[in-house]
file model02.txt (compact mmCIF, C-alpha atoms)
# COMPACT_ATOMS: atom_id res chain seq x y z
CA VAL A 1 2.04 34.67 -38.69
CA GLN A 2 2.94 37.57 -36.43
CA LEU A 3 5.55 37.87 -33.71
CA GLN A 4 4.75 40.40 -31.02
CA ALA A 5 7.63 41.48 -28.81
CA SER A 6 7.07 43.33 -25.57
CA GLY A 7 8.72 44.13 -22.26
CA GLY A 8 11.29 46.70 -23.28
CA GLY A 9 11.82 49.92 -21.42
CA LEU A 10 14.22 52.15 -19.53
CA VAL A 11 16.20 50.67 -16.67
CA GLN A 12 19.25 51.64 -14.66
CA ALA A 13 22.50 49.74 -14.98
CA GLY A 14 22.37 46.59 -12.87
CA GLY A 15 18.63 46.28 -13.30
CA SER A 16 16.54 43.63 -15.01
CA LEU A 17 13.97 43.35 -17.77
CA ARG A 18 12.02 40.45 -19.19
CA LEU A 19 11.15 40.46 -22.86
CA SER A 20 8.36 38.36 -24.31
CA CYS A 21 7.72 37.29 -27.88
CA ALA A 22 4.34 35.79 -28.69
CA ALA A 23 3.71 34.14 -32.03
CA SER A 24 0.21 34.17 -33.42
CA GLY A 25 -1.23 32.51 -36.46
CA SER A 26 -3.32 29.47 -37.11
CA ALA A 27 -1.49 26.19 -36.83
CA PHE A 28 1.88 27.88 -36.49
CA ARG A 29 4.51 25.59 -35.00
CA ILE A 30 7.78 27.13 -33.94
CA VAL A 31 10.98 25.18 -34.30
CA ASP A 32 13.61 27.65 -33.07
CA MET A 33 13.29 31.09 -31.54
CA ASP A 34 15.99 33.70 -31.26
CA TRP A 35 16.53 37.17 -29.93
CA TYR A 36 18.62 39.68 -31.86
CA ARG A 37 19.50 43.24 -31.02
CA GLN A 38 20.65 46.27 -32.93
CA ALA A 39 22.29 49.25 -31.33
CA PRO A 40 22.48 52.62 -33.12
CA GLY A 41 25.14 52.55 -35.80
CA LYS A 42 25.81 48.85 -35.35
CA GLN A 43 24.84 45.69 -37.15
CA ARG A 44 22.10 43.46 -35.84
CA GLU A 45 23.59 40.73 -33.68
CA LEU A 46 22.34 37.43 -32.36
CA VAL A 47 21.82 37.47 -28.61
CA ALA A 48 20.28 34.12 -27.72
CA VAL A 49 18.81 31.02 -29.33
CA ILE A 50 16.52 28.29 -28.07
CA THR A 51 15.79 25.22 -30.16
CA SER A 52 12.73 23.02 -30.21
CA GLY A 53 14.60 20.62 -27.95
CA GLY A 54 15.37 23.33 -25.45
CA THR A 55 19.04 23.75 -26.30
CA THR A 56 20.20 27.31 -25.71
CA ASN A 57 23.11 29.39 -26.94
CA TYR A 58 24.17 32.90 -26.07
CA ALA A 59 26.42 35.63 -27.35
CA GLU A 60 29.55 35.87 -25.22
CA SER A 61 28.62 39.38 -24.16
CA VAL A 62 25.42 38.22 -22.42
CA LYS A 63 26.41 34.81 -21.06
CA GLY A 64 25.63 34.49 -17.39
CA ARG A 65 23.33 37.52 -17.46
CA PHE A 66 20.60 36.67 -19.97
CA THR A 67 18.38 33.61 -20.04
CA ILE A 68 16.20 32.56 -22.96
CA SER A 69 13.23 30.28 -22.39
CA ARG A 70 10.06 29.27 -24.16
CA ASP A 71 6.53 28.13 -23.49
CA THR A 72 5.72 25.83 -26.38
CA ALA A 73 2.03 25.62 -25.54
CA LYS A 74 1.77 29.40 -25.73
CA ASN A 75 4.10 29.78 -28.73
CA THR A 76 5.98 32.32 -26.67
CA ALA A 77 9.65 32.93 -25.96
CA TYR A 78 11.16 35.00 -23.19
CA LEU A 79 14.44 36.75 -22.60
CA GLN A 80 15.25 37.42 -18.97
CA MET A 81 17.94 40.09 -18.83
CA ASN A 82 19.74 40.65 -15.53
CA SER A 83 22.69 42.82 -14.54
CA LEU A 84 22.00 45.07 -17.48
CA LYS A 85 24.75 47.33 -18.76
CA PRO A 86 24.58 50.52 -20.82
CA GLU A 87 26.07 48.58 -23.75
CA ASP A 88 22.96 46.38 -23.75
CA THR A 89 21.00 49.38 -25.01
CA ALA A 90 19.46 48.42 -28.35
CA VAL A 91 16.29 47.52 -30.15
CA TYR A 92 15.62 43.86 -29.45
CA TYR A 93 13.96 41.70 -32.09
CA CYS A 94 12.50 38.24 -31.81
CA HIS A 95 12.97 35.84 -34.67
CA ALA A 96 11.39 32.47 -35.27
CA TYR A 97 11.80 29.52 -37.59
CA GLY A 98 8.67 27.49 -37.99
CA THR A 99 5.87 26.21 -40.12
CA THR A 100 2.17 26.65 -40.62
CA GLY A 101 2.07 23.31 -42.36
CA ARG A 102 3.02 24.72 -45.75
CA GLY A 103 6.78 24.66 -45.53
CA TYR A 104 9.22 26.26 -43.14
CA ASN A 105 10.00 29.96 -42.99
CA TYR A 106 11.73 32.59 -40.91
CA TYR A 107 9.73 35.33 -39.26
CA TRP A 108 10.72 38.61 -37.63
CA GLY A 109 8.87 40.52 -34.97
CA ARG A 110 8.84 44.27 -34.54
CA GLY A 111 11.49 45.41 -32.15
CA THR A 112 11.20 46.56 -28.59
CA GLN A 113 13.51 49.26 -27.27
CA VAL A 114 15.73 48.52 -24.28
CA THR A 115 17.58 51.48 -22.80
CA VAL A 116 20.02 51.05 -19.92
CA SER A 117 21.15 54.21 -18.20
CA SER A 118 24.46 54.48 -16.37

call {"tool": "encode", "arguments": {"input": "model02.txt", "output": "structure tokens"}}
result
Amino acid sequence: VQLQASGGGLVQAGGSLRLSCAASGSAFRIVDMDWYRQAPGKQRELVAVITSGGTTNYAESVKGRFTISRDTAKNTAYLQMNSLKPEDTAVYYCHAYGTTGRGYNYYWGRGTQVTVSS
């Protein structure tokens, strides 16, 4: 199972980016998908969660600006980020909890850099 994150880049404050996380692997079924981020010198923090039932949760710092969604058929999750601020600058990681039919596990994707200039 591999998680491939994409969509990061450099954007000015107030701009938008859309991150994607595609999961590949035979018979992989995702239960929950999350986005985390880690800024230089800081701990990795949870940004947004979406469950198999579509329930979402967000860190207080991104509520009202970020939206997490998923396409179950494509095994893909998205993070729409609007009104970006310089403090959103970080490496963003996707994270999934799922199964290939042989038990449930957690999986991490490689990060994608988001840089917001002031």

call {"tool": "closest_residue", "arguments": {"input": "model02.txt", "among": "A:Tyr92, A:Phe66, A:Tyr58, A:Tyr97", "to": "Met33 (chain A)", "atoms": "only C-alpha atoms"}}
result
A:Tyr97

call {"tool": "residues_around", "arguments": {"input": "model02.txt", "residues": "region 43-52 of chain A", "least_positions_apart": "3", "cutoff": "12 Å", "atoms": "only C-alpha atoms", "output": "count of residues only"}}
result
49

call {"tool": "closest_residue", "arguments": {"input": "model02.txt", "among": "A:Leu84, A:Leu10, A:Leu17, A:Val1", "to": "Thr99 (chain A)", "atoms": "all atoms listed in the file"}}
result
A:Val1

call {"tool": "atom_distance", "arguments": {"input": "model02.txt", "atom1": "CA of Phe28 (chain A)", "atom2": "CA of Gly9 (chain A)"}}
result
28.5 Å

call {"tool": "closest_residue", "arguments": {"input": "model02.txt", "among": "A:Ala23, A:Tyr104, A:Arg18, A:Gly53", "to": "Leu3 (chain A)", "atoms": "all atoms listed in the file"}}
result
A:Ala23

call {"tool": "closest_residue", "arguments": {"input": "model02.txt", "among": "A:Ala27, A:Ser6, A:Gly41, A:Val114", "to": "Lys85 (chain A)", "atoms": "only C-alpha atoms"}}
result
A:Val114

call {"tool": "atom_distance", "arguments": {"input": "model02.txt", "atom1": "CA of Gln2 (chain A)", "atom2": "CA of Ser24 (chain A)"}}
result
5.3 Å

call {"tool": "residues_near_point", "arguments": {"input": "model02.txt", "point": "(19.2, 52.7, -13.4)", "cutoff": "9 Å", "atoms": "all atoms listed in the file", "output": "compact mmCIF listing (two decimals) with C-alpha atoms, keeping the file's coordinate frame"}}
result
# COMPACT_ATOMS: atom_id res chain seq x y z
CA LEU A 10 14.22 52.15 -19.53
CA VAL A 11 16.20 50.67 -16.67
CA GLN A 12 19.25 51.64 -14.66
CA ALA A 13 22.50 49.74 -14.98
CA GLY A 14 22.37 46.59 -12.87
CA GLY A 15 18.63 46.28 -13.30
CA VAL A 116 20.02 51.05 -19.92
CA SER A 117 21.15 54.21 -18.20
CA SER A 118 24.46 54.48 -16.37

call {"tool": "decode", "arguments": {"input": "model02.txt", "residues": "region 50-78 of chain A", "atoms": "N, CA, C and O atoms", "output": "mmCIF file, in the first residue's frame"}}
result
data_model
loop_
_atom_site.group_PDB
_atom_site.id
_atom_site.type_symbol
_atom_site.label_atom_id
_atom_site.label_comp_id
_atom_site.auth_asym_id
_atom_site.auth_seq_id
_atom_site.Cartn_x
_atom_site.Cartn_y
_atom_site.Cartn_z
ATOM 1 N N ILE A 50 -11.284 12.636 8.039
ATOM 2 C CA ILE A 50 -12.560 12.240 7.460
ATOM 3 C C ILE A 50 -12.722 10.738 7.654
ATOM 4 O O ILE A 50 -11.832 9.949 7.323
ATOM 5 N N THR A 51 -13.861 10.354 8.211
ATOM 6 C CA THR A 51 -14.106 8.949 8.493
ATOM 7 C C THR A 51 -14.775 8.271 7.302
ATOM 8 O O THR A 51 -15.158 8.924 6.326
ATOM 9 N N SER A 52 -14.937 6.969 7.429
ATOM 10 C CA SER A 52 -15.589 6.216 6.356
ATOM 11 C C SER A 52 -17.026 6.665 6.164
ATOM 12 O O SER A 52 -17.560 6.562 5.052
ATOM 13 N N GLY A 53 -17.628 7.189 7.221
ATOM 14 C CA GLY A 53 -18.999 7.669 7.117
ATOM 15 C C GLY A 53 -19.105 9.104 6.660
ATOM 16 O O GLY A 53 -20.212 9.633 6.537
ATOM 17 N N GLY A 54 -17.957 9.733 6.443
ATOM 18 C CA GLY A 54 -17.968 11.101 5.956
ATOM 19 C C GLY A 54 -17.910 12.159 7.045
ATOM 20 O O GLY A 54 -17.950 13.352 6.751
ATOM 21 N N THR A 55 -17.802 11.740 8.290
ATOM 22 C CA THR A 55 -17.674 12.710 9.383
ATOM 23 C C THR A 55 -16.303 13.375 9.316
ATOM 24 O O THR A 55 -15.294 12.707 9.089
ATOM 25 N N THR A 56 -16.291 14.677 9.501
ATOM 26 C CA THR A 56 -15.034 15.423 9.420
ATOM 27 C C THR A 56 -14.742 16.142 10.724
ATOM 28 O O THR A 56 -15.658 16.512 11.473
ATOM 29 N N ASN A 57 -13.465 16.347 10.984
ATOM 30 C CA ASN A 57 -13.015 17.130 12.131
ATOM 31 C C ASN A 57 -11.785 17.907 11.720
ATOM 32 O O ASN A 57 -11.001 17.444 10.877
ATOM 33 N N TYR A 58 -11.637 19.082 12.325
ATOM 34 C CA TYR A 58 -10.544 19.966 11.943
ATOM 35 C C TYR A 58 -9.841 20.524 13.172
ATOM 36 O O TYR A 58 -10.445 20.718 14.229
ATOM 37 N N ALA A 59 -8.567 20.827 12.999
ATOM 38 C CA ALA A 59 -7.863 21.581 14.012
ATOM 39 C C ALA A 59 -8.479 22.973 14.075
ATOM 40 O O ALA A 59 -8.928 23.518 13.048
ATOM 41 N N GLU A 60 -8.489 23.553 15.266
ATOM 42 C CA GLU A 60 -9.094 24.877 15.433
ATOM 43 C C GLU A 60 -8.456 25.915 14.509
ATOM 44 O O GLU A 60 -9.130 26.809 14.012
ATOM 45 N N SER A 61 -7.176 25.758 14.277
ATOM 46 C CA SER A 61 -6.442 26.760 13.498
ATOM 47 C C SER A 61 -6.837 26.789 12.023
ATOM 48 O O SER A 61 -6.534 27.755 11.325
ATOM 49 N N VAL A 62 -7.514 25.732 11.544
ATOM 50 C CA VAL A 62 -7.871 25.686 10.122
ATOM 51 C C VAL A 62 -9.378 25.654 9.886
ATOM 52 O O VAL A 62 -9.816 25.685 8.731
ATOM 53 N N LYS A 63 -10.154 25.604 10.945
ATOM 54 C CA LYS A 63 -11.614 25.558 10.797
ATOM 55 C C LYS A 63 -12.112 26.757 10.013
ATOM 56 O O LYS A 63 -11.698 27.883 10.257
ATOM 57 N N GLY A 64 -12.989 26.478 9.071
ATOM 58 C CA GLY A 64 -13.560 27.539 8.253
ATOM 59 C C GLY A 64 -12.718 27.892 7.041
ATOM 60 O O GLY A 64 -13.169 28.624 6.156
ATOM 61 N N ARG A 65 -11.490 27.364 7.000
ATOM 62 C CA ARG A 65 -10.604 27.667 5.864
ATOM 63 C C ARG A 65 -10.259 26.415 5.057
ATOM 64 O O ARG A 65 -10.100 26.488 3.834
ATOM 65 N N PHE A 66 -10.138 25.287 5.737
ATOM 66 C CA PHE A 66 -9.764 24.034 5.084
ATOM 67 C C PHE A 66 -10.978 23.112 5.026
ATOM 68 O O PHE A 66 -11.811 23.107 5.937
ATOM 69 N N THR A 67 -11.026 22.325 3.958
ATOM 70 C CA THR A 67 -12.088 21.332 3.808
ATOM 71 C C THR A 67 -11.486 20.014 3.352
ATOM 72 O O THR A 67 -10.792 19.975 2.331
ATOM 73 N N ILE A 68 -11.760 18.962 4.114
ATOM 74 C CA ILE A 68 -11.296 17.630 3.738
ATOM 75 C C ILE A 68 -12.450 16.886 3.077
ATOM 76 O O ILE A 68 -13.611 17.016 3.492
ATOM 77 N N SER A 69 -12.133 16.131 2.041
ATOM 78 C CA SER A 69 -13.151 15.336 1.360
ATOM 79 C C SER A 69 -12.491 14.061 0.843
ATOM 80 O O SER A 69 -11.265 13.915 0.908
ATOM 81 N N ARG A 70 -13.318 13.154 0.352
ATOM 82 C CA ARG A 70 -12.761 11.907 -0.151
ATOM 83 C C ARG A 70 -13.604 11.383 -1.299
ATOM 84 O O ARG A 70 -14.812 11.645 -1.384
ATOM 85 N N ASP A 71 -12.939 10.634 -2.165
ATOM 86 C CA ASP A 71 -13.609 9.919 -3.238
ATOM 87 C C ASP A 71 -13.330 8.442 -2.974
ATOM 88 O O ASP A 71 -12.232 7.949 -3.265
ATOM 89 N N THR A 72 -14.296 7.768 -2.394
ATOM 90 C CA THR A 72 -14.088 6.389 -1.972
ATOM 91 C C THR A 72 -13.763 5.480 -3.143
ATOM 92 O O THR A 72 -12.910 4.603 -3.039
ATOM 93 N N ALA A 73 -14.420 5.715 -4.272
ATOM 94 C CA ALA A 73 -14.193 4.868 -5.444
ATOM 95 C C ALA A 73 -12.761 4.977 -5.939
ATOM 96 O O ALA A 73 -12.204 4.015 -6.483
ATOM 97 N N LYS A 74 -12.170 6.145 -5.738
ATOM 98 C CA LYS A 74 -10.797 6.370 -6.206
ATOM 99 C C LYS A 74 -9.778 6.186 -5.093
ATOM 100 O O LYS A 74 -8.574 6.365 -5.326
ATOM 101 N N ASN A 75 -10.247 5.867 -3.890
ATOM 102 C CA ASN A 75 -9.327 5.735 -2.748
ATOM 103 C C ASN A 75 -8.461 6.983 -2.598
ATOM 104 O O ASN A 75 -7.247 6.901 -2.368
ATOM 105 N N THR A 76 -9.091 8.117 -2.728
ATOM 106 C CA THR A 76 -8.371 9.386 -2.718
ATOM 107 C C THR A 76 -9.025 10.362 -1.745
ATOM 108 O O THR A 76 -10.254 10.419 -1.657
ATOM 109 N N ALA A 77 -8.187 11.103 -1.041
ATOM 110 C CA ALA A 77 -8.670 12.163 -0.159
ATOM 111 C C ALA A 77 -8.104 13.490 -0.638
ATOM 112 O O ALA A 77 -7.055 13.533 -1.283
ATOM 113 N N TYR A 78 -8.816 14.550 -0.310
ATOM 114 C CA TYR A 78 -8.415 15.875 -0.737
ATOM 115 C C TYR A 78 -8.422 16.821 0.461
ATOM 116 O O TYR A 78 -9.174 16.622 1.419
#
